[in-house]
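Containing CSV, C-alpha atoms: entry-v7.csv.
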chain,number,residue,atom,x,y,z
A,1,ARG,CA,13.8,106.3,47.1
A,2,ILE,CA,13.1,108.2,43.9
A,3,ALA,CA,11.2,105.3,42.4
A,4,THR,CA,9.0,104.5,45.3
A,5,PRO,CA,6.1,107.0,44.6
A,6,LEU,CA,6.3,106.1,41.0
A,7,ILE,CA,5.9,102.4,41.8
A,8,LEU,CA,2.9,102.9,44.0
A,9,GLY,CA,1.3,105.4,41.6
A,10,THR,CA,1.8,103.1,38.6
A,11,LEU,CA,0.3,100.2,40.5
A,12,GLY,CA,-2.7,102.4,41.2
A,13,VAL,CA,-3.0,103.4,37.5
A,14,LEU,CA,-2.6,99.8,36.5
A,15,LEU,CA,-5.6,98.7,38.6
A,16,CYS,CA,-7.7,101.5,37.2
A,17,GLU,CA,-6.8,100.9,33.5
A,18,ARG,CA,-7.1,97.1,33.7
A,19,ALA,CA,-10.7,97.7,34.7
A,20,GLY,CA,-11.2,100.1,31.8
A,21,VAL,CA,-11.0,103.4,33.5
A,22,LEU,CA,-8.3,106.0,32.8
A,23,ASN,CA,-7.6,107.9,36.0
A,24,LEU,CA,-6.0,111.2,35.1
A,25,GLY,CA,-6.8,112.5,38.6
A,26,ILE,CA,-3.7,110.8,39.9
A,27,GLU,CA,-1.7,114.0,40.2
A,28,GLY,CA,-4.3,115.6,42.4
A,29,ILE,CA,-4.8,112.5,44.4
A,30,MET,CA,-1.1,112.3,45.1
A,31,VAL,CA,-1.1,115.9,46.3
A,32,ALA,CA,-4.2,115.3,48.5
A,33,GLY,CA,-2.6,112.1,50.0
A,34,ALA,CA,0.7,113.9,50.6
A,35,PHE,CA,-1.2,116.7,52.5
A,36,THR,CA,-3.7,114.6,54.5
A,37,GLY,CA,-1.1,112.0,55.5
A,38,TRP,CA,1.3,114.7,56.7
A,39,LEU,CA,-1.4,116.7,58.5
A,40,ALA,CA,-2.6,113.6,60.3
A,41,VAL,CA,0.9,112.9,61.6
A,42,HIS,CA,1.3,116.5,62.5
A,43,ALA,CA,-1.9,116.3,64.5
A,44,GLY,CA,-0.6,113.4,66.5
A,45,LEU,CA,-1.3,110.2,64.7
A,46,PRO,CA,1.5,107.7,64.2
A,47,LEU,CA,3.2,107.5,60.8
A,48,TRP,CA,1.3,104.4,59.7
A,49,GLY,CA,-1.9,106.2,60.8
A,50,GLY,CA,-0.9,109.0,58.4
A,51,VAL,CA,-0.4,106.4,55.6
A,52,ALA,CA,-3.9,105.0,56.4
A,53,VAL,CA,-5.4,108.5,56.2
A,54,ALA,CA,-3.7,109.2,52.9
A,55,ALA,CA,-5.0,105.9,51.5
A,56,LEU,CA,-8.5,106.7,52.7
A,57,THR,CA,-8.2,110.2,51.1
A,58,GLY,CA,-7.2,108.6,47.8
A,59,ALA,CA,-10.0,106.0,48.1
A,60,ALA,CA,-12.6,108.8,48.7
A,61,LEU,CA,-11.4,110.8,45.7
A,62,GLY,CA,-11.4,107.6,43.6
A,63,LEU,CA,-15.0,106.9,44.6
A,64,VAL,CA,-15.9,110.4,43.3
A,65,HIS,CA,-14.0,109.7,40.1
A,66,GLY,CA,-15.6,106.3,39.7
A,67,PHE,CA,-19.1,107.8,40.2
A,68,LEU,CA,-18.4,110.4,37.5
A,69,THR,CA,-16.8,108.1,34.9
A,70,VAL,CA,-18.6,104.8,35.5
A,71,VAL,CA,-22.1,105.6,36.9
A,72,LEU,CA,-22.6,108.9,35.0
A,73,ALA,CA,-20.4,107.8,32.1
A,74,LEU,CA,-18.8,111.2,31.8
A,75,SER,CA,-15.5,111.7,29.8
A,76,GLN,CA,-12.7,110.0,31.7
A,77,HIS,CA,-10.2,112.6,30.5
A,78,VAL,CA,-12.3,115.6,31.5
A,79,ALA,CA,-13.3,114.0,34.9
A,80,GLY,CA,-9.7,113.1,35.6
A,81,LEU,CA,-8.3,116.5,34.9
A,82,GLY,CA,-11.1,118.0,36.9
A,83,MET,CA,-10.3,115.7,39.8
A,84,THR,CA,-6.6,116.8,39.7
A,85,LEU,CA,-7.6,120.5,39.8
A,86,LEU,CA,-10.1,119.9,42.6
A,87,ALA,CA,-7.9,117.8,44.8
A,88,THR,CA,-4.8,120.0,44.3
A,89,SER,CA,-6.9,123.2,45.1
A,90,LEU,CA,-8.5,121.6,48.2
A,91,ALA,CA,-5.1,120.6,49.5
A,92,SER,CA,-3.7,124.1,49.0
A,93,TYR,CA,-6.8,125.7,50.6
A,94,ALA,CA,-6.7,123.4,53.6
A,95,TYR,CA,-3.0,124.0,54.1
A,96,ARG,CA,-3.5,127.8,54.1
A,97,VAL,CA,-6.5,127.5,56.5
A,98,SER,CA,-4.6,125.2,58.8
A,99,PHE,CA,-1.4,127.2,58.9
A,100,PRO,CA,-2.3,130.8,58.0
A,101,LYS,CA,0.7,132.6,59.5
A,102,VAL,CA,3.7,130.3,59.1
A,103,GLU,CA,6.6,131.3,57.0
A,104,ARG,CA,8.2,127.8,56.8
A,105,PRO,CA,6.2,124.5,56.5
A,106,PRO,CA,6.0,122.7,59.9
A,107,THR,CA,8.0,119.5,60.1
A,108,ILE,CA,7.3,116.0,61.5
A,109,GLN,CA,9.4,113.0,62.4
A,110,ALA,CA,9.5,111.0,59.2
A,111,PHE,CA,10.1,107.3,58.6
A,112,GLU,CA,13.6,106.2,59.4
A,113,PRO,CA,15.6,103.8,57.2
A,114,MET,CA,15.3,100.1,58.0
A,115,ALA,CA,18.8,99.7,59.4
A,116,TRP,CA,17.8,96.4,61.1
A,117,LEU,CA,17.1,94.8,57.7
A,118,PRO,CA,20.1,92.5,56.7
A,119,ILE,CA,19.8,93.3,53.0
A,120,PRO,CA,22.3,95.8,51.5
A,121,VAL,CA,20.8,98.9,49.8
A,122,LEU,CA,17.3,98.1,51.0
A,123,ASN,CA,18.3,98.7,54.7
A,124,GLN,CA,19.0,102.3,53.7
A,125,GLN,CA,15.4,102.8,52.6
A,126,THR,CA,12.2,103.4,54.6
A,127,PRO,CA,9.4,100.9,55.2
A,128,LEU,CA,7.2,102.5,52.4
A,129,THR,CA,9.8,101.5,49.8
A,130,LEU,CA,9.7,97.9,51.0
A,131,LEU,CA,5.9,98.0,50.9
A,132,ALA,CA,6.0,99.3,47.3
A,133,LEU,CA,8.4,96.5,46.2
A,134,LEU,CA,6.2,93.9,47.9
A,135,LEU,CA,3.1,95.2,46.3
A,136,VAL,CA,4.4,94.6,42.8
A,137,PRO,CA,4.3,90.8,43.0
A,138,ALA,CA,1.1,91.0,45.1
A,139,VAL,CA,-0.8,93.0,42.5
A,140,ALA,CA,0.6,90.8,39.7
A,141,TRP,CA,-0.7,87.7,41.6
A,142,LEU,CA,-4.0,89.4,42.2
A,143,LEU,CA,-4.5,90.3,38.5
A,144,MET,CA,-3.1,87.2,36.9
A,145,ARG,CA,-3.8,84.3,39.3
A,146,THR,CA,-7.1,85.0,41.1
A,147,PRO,CA,-10.8,85.0,40.0
A,148,LEU,CA,-11.1,88.7,41.0
A,149,GLY,CA,-8.1,89.6,38.9
A,150,LEU,CA,-9.7,87.8,35.9
A,151,ALA,CA,-12.9,89.7,36.5
A,152,ILE,CA,-11.0,93.0,36.6
A,153,ARG,CA,-9.1,92.3,33.4
A,154,THR,CA,-12.3,91.1,31.7
A,155,VAL,CA,-14.3,94.1,32.7
A,156,GLY,CA,-11.7,96.3,31.0
A,157,GLU,CA,-11.6,94.3,27.8
A,158,ASN,CA,-15.1,92.9,27.4
A,159,PRO,CA,-17.7,94.2,29.8
A,160,ALA,CA,-20.5,92.2,28.1
A,161,ALA,CA,-18.8,89.0,29.0
A,162,VAL,CA,-18.7,90.1,32.6
A,163,GLU,CA,-22.4,90.8,32.6
A,164,GLY,CA,-23.0,87.4,31.0
A,165,GLN,CA,-21.4,85.9,34.1
A,166,GLY,CA,-23.8,87.7,36.3
A,167,LEU,CA,-21.2,90.1,37.7
A,168,SER,CA,-21.6,93.9,38.1
A,169,VAL,CA,-19.5,95.9,35.7
A,170,VAL,CA,-20.2,99.1,37.8
A,171,LYS,CA,-19.1,97.5,41.1
A,172,LEU,CA,-16.0,96.0,39.6
A,173,ARG,CA,-14.9,99.2,37.9
A,174,ILE,CA,-15.6,101.4,40.9
A,175,GLY,CA,-13.9,98.9,43.2
A,176,ALA,CA,-10.8,98.9,41.1
A,177,VAL,CA,-10.7,102.7,40.8
A,178,VAL,CA,-11.1,103.1,44.6
A,179,ALA,CA,-8.3,100.6,45.3
A,180,GLY,CA,-6.0,102.1,42.7
A,181,SER,CA,-6.7,105.6,44.0
A,182,ALA,CA,-5.9,104.5,47.6
A,183,LEU,CA,-2.4,103.4,46.3
A,184,MET,CA,-2.1,106.8,44.6
A,185,GLY,CA,-2.8,108.5,48.0
A,186,VAL,CA,0.0,106.3,49.6
A,187,ALA,CA,2.3,107.3,46.8
A,188,GLY,CA,1.7,110.9,47.6
A,189,CYS,CA,2.2,110.5,51.4
A,190,PHE,CA,5.6,108.9,50.8
A,191,LEU,CA,6.9,112.3,49.8
A,192,THR,CA,5.8,113.9,53.1
A,193,LEU,CA,6.3,111.0,55.5
A,194,ALA,CA,9.5,109.4,54.1
A,195,ALA,CA,11.3,111.4,51.4
A,196,PHE,CA,10.8,114.7,53.2
A,197,ASN,CA,9.3,115.7,56.6
A,198,ALA,CA,7.0,118.6,55.5
A,199,PHE,CA,4.4,119.5,53.0
A,200,PHE,CA,5.0,122.2,50.4
A,201,PHE,CA,3.3,123.2,47.2
A,202,ASN,CA,4.4,121.6,43.9
A,203,MET,CA,6.1,118.7,45.7
A,204,VAL,CA,4.5,116.1,43.5
A,205,ASN,CA,5.9,117.9,40.5
A,206,GLY,CA,4.4,115.8,37.7
A,207,ARG,CA,5.1,112.4,39.2
A,208,GLY,CA,1.5,111.5,38.6
A,209,TRP,CA,1.8,112.1,34.9
A,210,VAL,CA,4.9,110.0,34.8
A,211,CYS,CA,3.0,107.1,36.4
A,212,VAL,CA,0.3,107.4,33.7
Structure encoded using structure tokens:
Amino acid sequence: RIATPLILGTLGVLLCERAGVLNLGIEGIMVAGAFTGWLAVHAGLPLWGGVAVAALTGAALGLVHGFLTVVLALSQHVAGLGMTLLATSLASYAYRVSFPKVERPPTIQAFEPMAWLPIPVLNQQTPLTLLALLLVPAVAWLLMRTPLGLAIRTVGENPAAVEGQGLSVVKLRIGAVVAGSALMGVAGCFLTLAAFNAFFFNMVNGRGWVCV
């Protein structure tokens, strides 16, 4: 349970860095994913709908980060830290606007453990933990056994070789950042939809930096 957000976040960072982009916005993206996923479920969406909203939030923030670092070629460190500050502040502001007079954070019905699964230990975890574990070999297969994975790894190591093959360095890098940031958003929503059942400030608590 403790490792699940770290696994998801690390996979997200891995995709970004393999493509040659350091995404230091992960801390803020996790906060934004935690908030939007929880808010969506609080508004009436099912739990997996909340996970989808968190992934879309992460992807949108990743698109912004990719535009700043790949298209405009700004400093990846500065853009990433700015993204963390922006996403964290927006989540805090949106929470205070949405719940201006509450003393305790509203709660939701979080994911239940998979008691039906005939595997010891894992049947005490939630579906998001199983998803995280399954994504590890899936991402490894994508990066090491597919043409797309070869292109992603090459664009991070030798962009000129990618251009020589007629592929777009910009599209590959932005795509990898968007996909990686979506995983970061899911990592954040695990905290509000599975580990806990509410959103509160500082709940990510440096987990994004641990993933980096």
Pick out the residues sitting within 9 Å of range 172-176 of chain A, and hand them over as an mmCIF file with C-alpha atoms, in the frame of the given file; count all atoms listed in the file, and ignore anything fewer than 2 positions along from it in its own chain.
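To be explicit, this is the file written out as around-v7.cif:
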data_model
loop_
_atom_site.group_PDB
_atom_site.id
_atom_site.type_symbol
_atom_site.label_atom_id
_atom_site.label_comp_id
_atom_site.auth_asym_id
_atom_site.auth_seq_id
_atom_site.Cartn_x
_atom_site.Cartn_y
_atom_site.Cartn_z
ATOM 1 C CA GLY A 12 -2.700 102.400 41.200
ATOM 2 C CA LEU A 15 -5.600 98.700 38.600
ATOM 3 C CA CYS A 16 -7.700 101.500 37.200
ATOM 4 C CA GLU A 17 -6.800 100.900 33.500
ATOM 5 C CA ARG A 18 -7.100 97.100 33.700
ATOM 6 C CA ALA A 19 -10.700 97.700 34.700
ATOM 7 C CA GLY A 20 -11.200 100.100 31.800
ATOM 8 C CA VAL A 21 -11.000 103.400 33.500
ATOM 9 C CA GLY A 62 -11.400 107.600 43.600
ATOM 10 C CA LEU A 63 -15.000 106.900 44.600
ATOM 11 C CA HIS A 65 -14.000 109.700 40.100
ATOM 12 C CA GLY A 66 -15.600 106.300 39.700
ATOM 13 C CA PHE A 67 -19.100 107.800 40.200
ATOM 14 C CA VAL A 70 -18.600 104.800 35.500
ATOM 15 C CA VAL A 71 -22.100 105.600 36.900
ATOM 16 C CA LEU A 148 -11.100 88.700 41.000
ATOM 17 C CA ALA A 151 -12.900 89.700 36.500
ATOM 18 C CA ILE A 152 -11.000 93.000 36.600
ATOM 19 C CA VAL A 155 -14.300 94.100 32.700
ATOM 20 C CA GLY A 156 -11.700 96.300 31.000
ATOM 21 C CA LEU A 167 -21.200 90.100 37.700
ATOM 22 C CA SER A 168 -21.600 93.900 38.100
ATOM 23 C CA VAL A 169 -19.500 95.900 35.700
ATOM 24 C CA VAL A 170 -20.200 99.100 37.800
ATOM 25 C CA VAL A 178 -11.100 103.100 44.600
ATOM 26 C CA ALA A 179 -8.300 100.600 45.300
ATOM 27 C CA GLY A 180 -6.000 102.100 42.700
ATOM 28 C CA SER A 181 -6.700 105.600 44.000
#
**Selection near Leu39 in chain A, 12 Å with only C-alpha atoms, sequence-local residues under 4 positions removed, as a ChimeraX atom specification** = /A:32-35,43-47,49-51,53-54,57,91,94-95,98-99,105-108,189,192-193,197-200
**Prompt:** Which residue out of A:Gly80, A:Gly206, A:Pro5, A:Gly28 has the minimum interatomic distance to Leu128 in chain A when all atoms listed in the file are used?
**Reply:** A:Pro5
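Taking only C-alpha atoms into account, Leu6 in chain A lies nearest to A:Asn205 out of the set A:Thr146, A:Asn23, A:Asn205, A:Gln125.
Pairwise distance (CA of Thr4 in chain A, CA of Cys211 in chain A) equals 11.0 Å.
Using all atoms listed in the file, the shortest contact distance between Thr88 in chain A and any of A:Ala160, A:Leu134, A:Val204, A:Val64 is found at A:Val204.
You can rank A:Val212, A:Ala73, A:Leu61, A:Ala138 by their closest distance to Val13 in chain A using only C-alpha atoms, and at the top of that list sits A:Val212.
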**Message:** I need every residue sitting at most 8 Å from the point (-6.8, 114.9, 38.0) (coordinates as in the file, only C-alpha atoms considered), written as a list in words.
**Reply:** Asn23, Leu24, Gly25, Ile26, Glu27, Gly28, Ile29, Ala79, Gly80, Leu81, Gly82, Met83, Thr84, Leu85, Leu86 and Ala87 of chain A
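Interatomic distance, CA of Gln165 in chain A to CA of Leu183 in chain A: 28.6 Å.
Relative to CA of Met184 in chain A, CA of Leu90 in chain A is found at 16.5 Å.
The shortest atom-to-atom distance to Ala52 in chain A, with only C-alpha atoms taken into account, belongs to A:Val186 out of A:Met203, A:Ala194, A:Leu143, A:Val186.
Of the listed residues (A:Leu11, A:Leu56, A:Met114, A:Met144), A:Met114 comes nearest to Leu130 in chain A; the distances count all atoms listed in the file.
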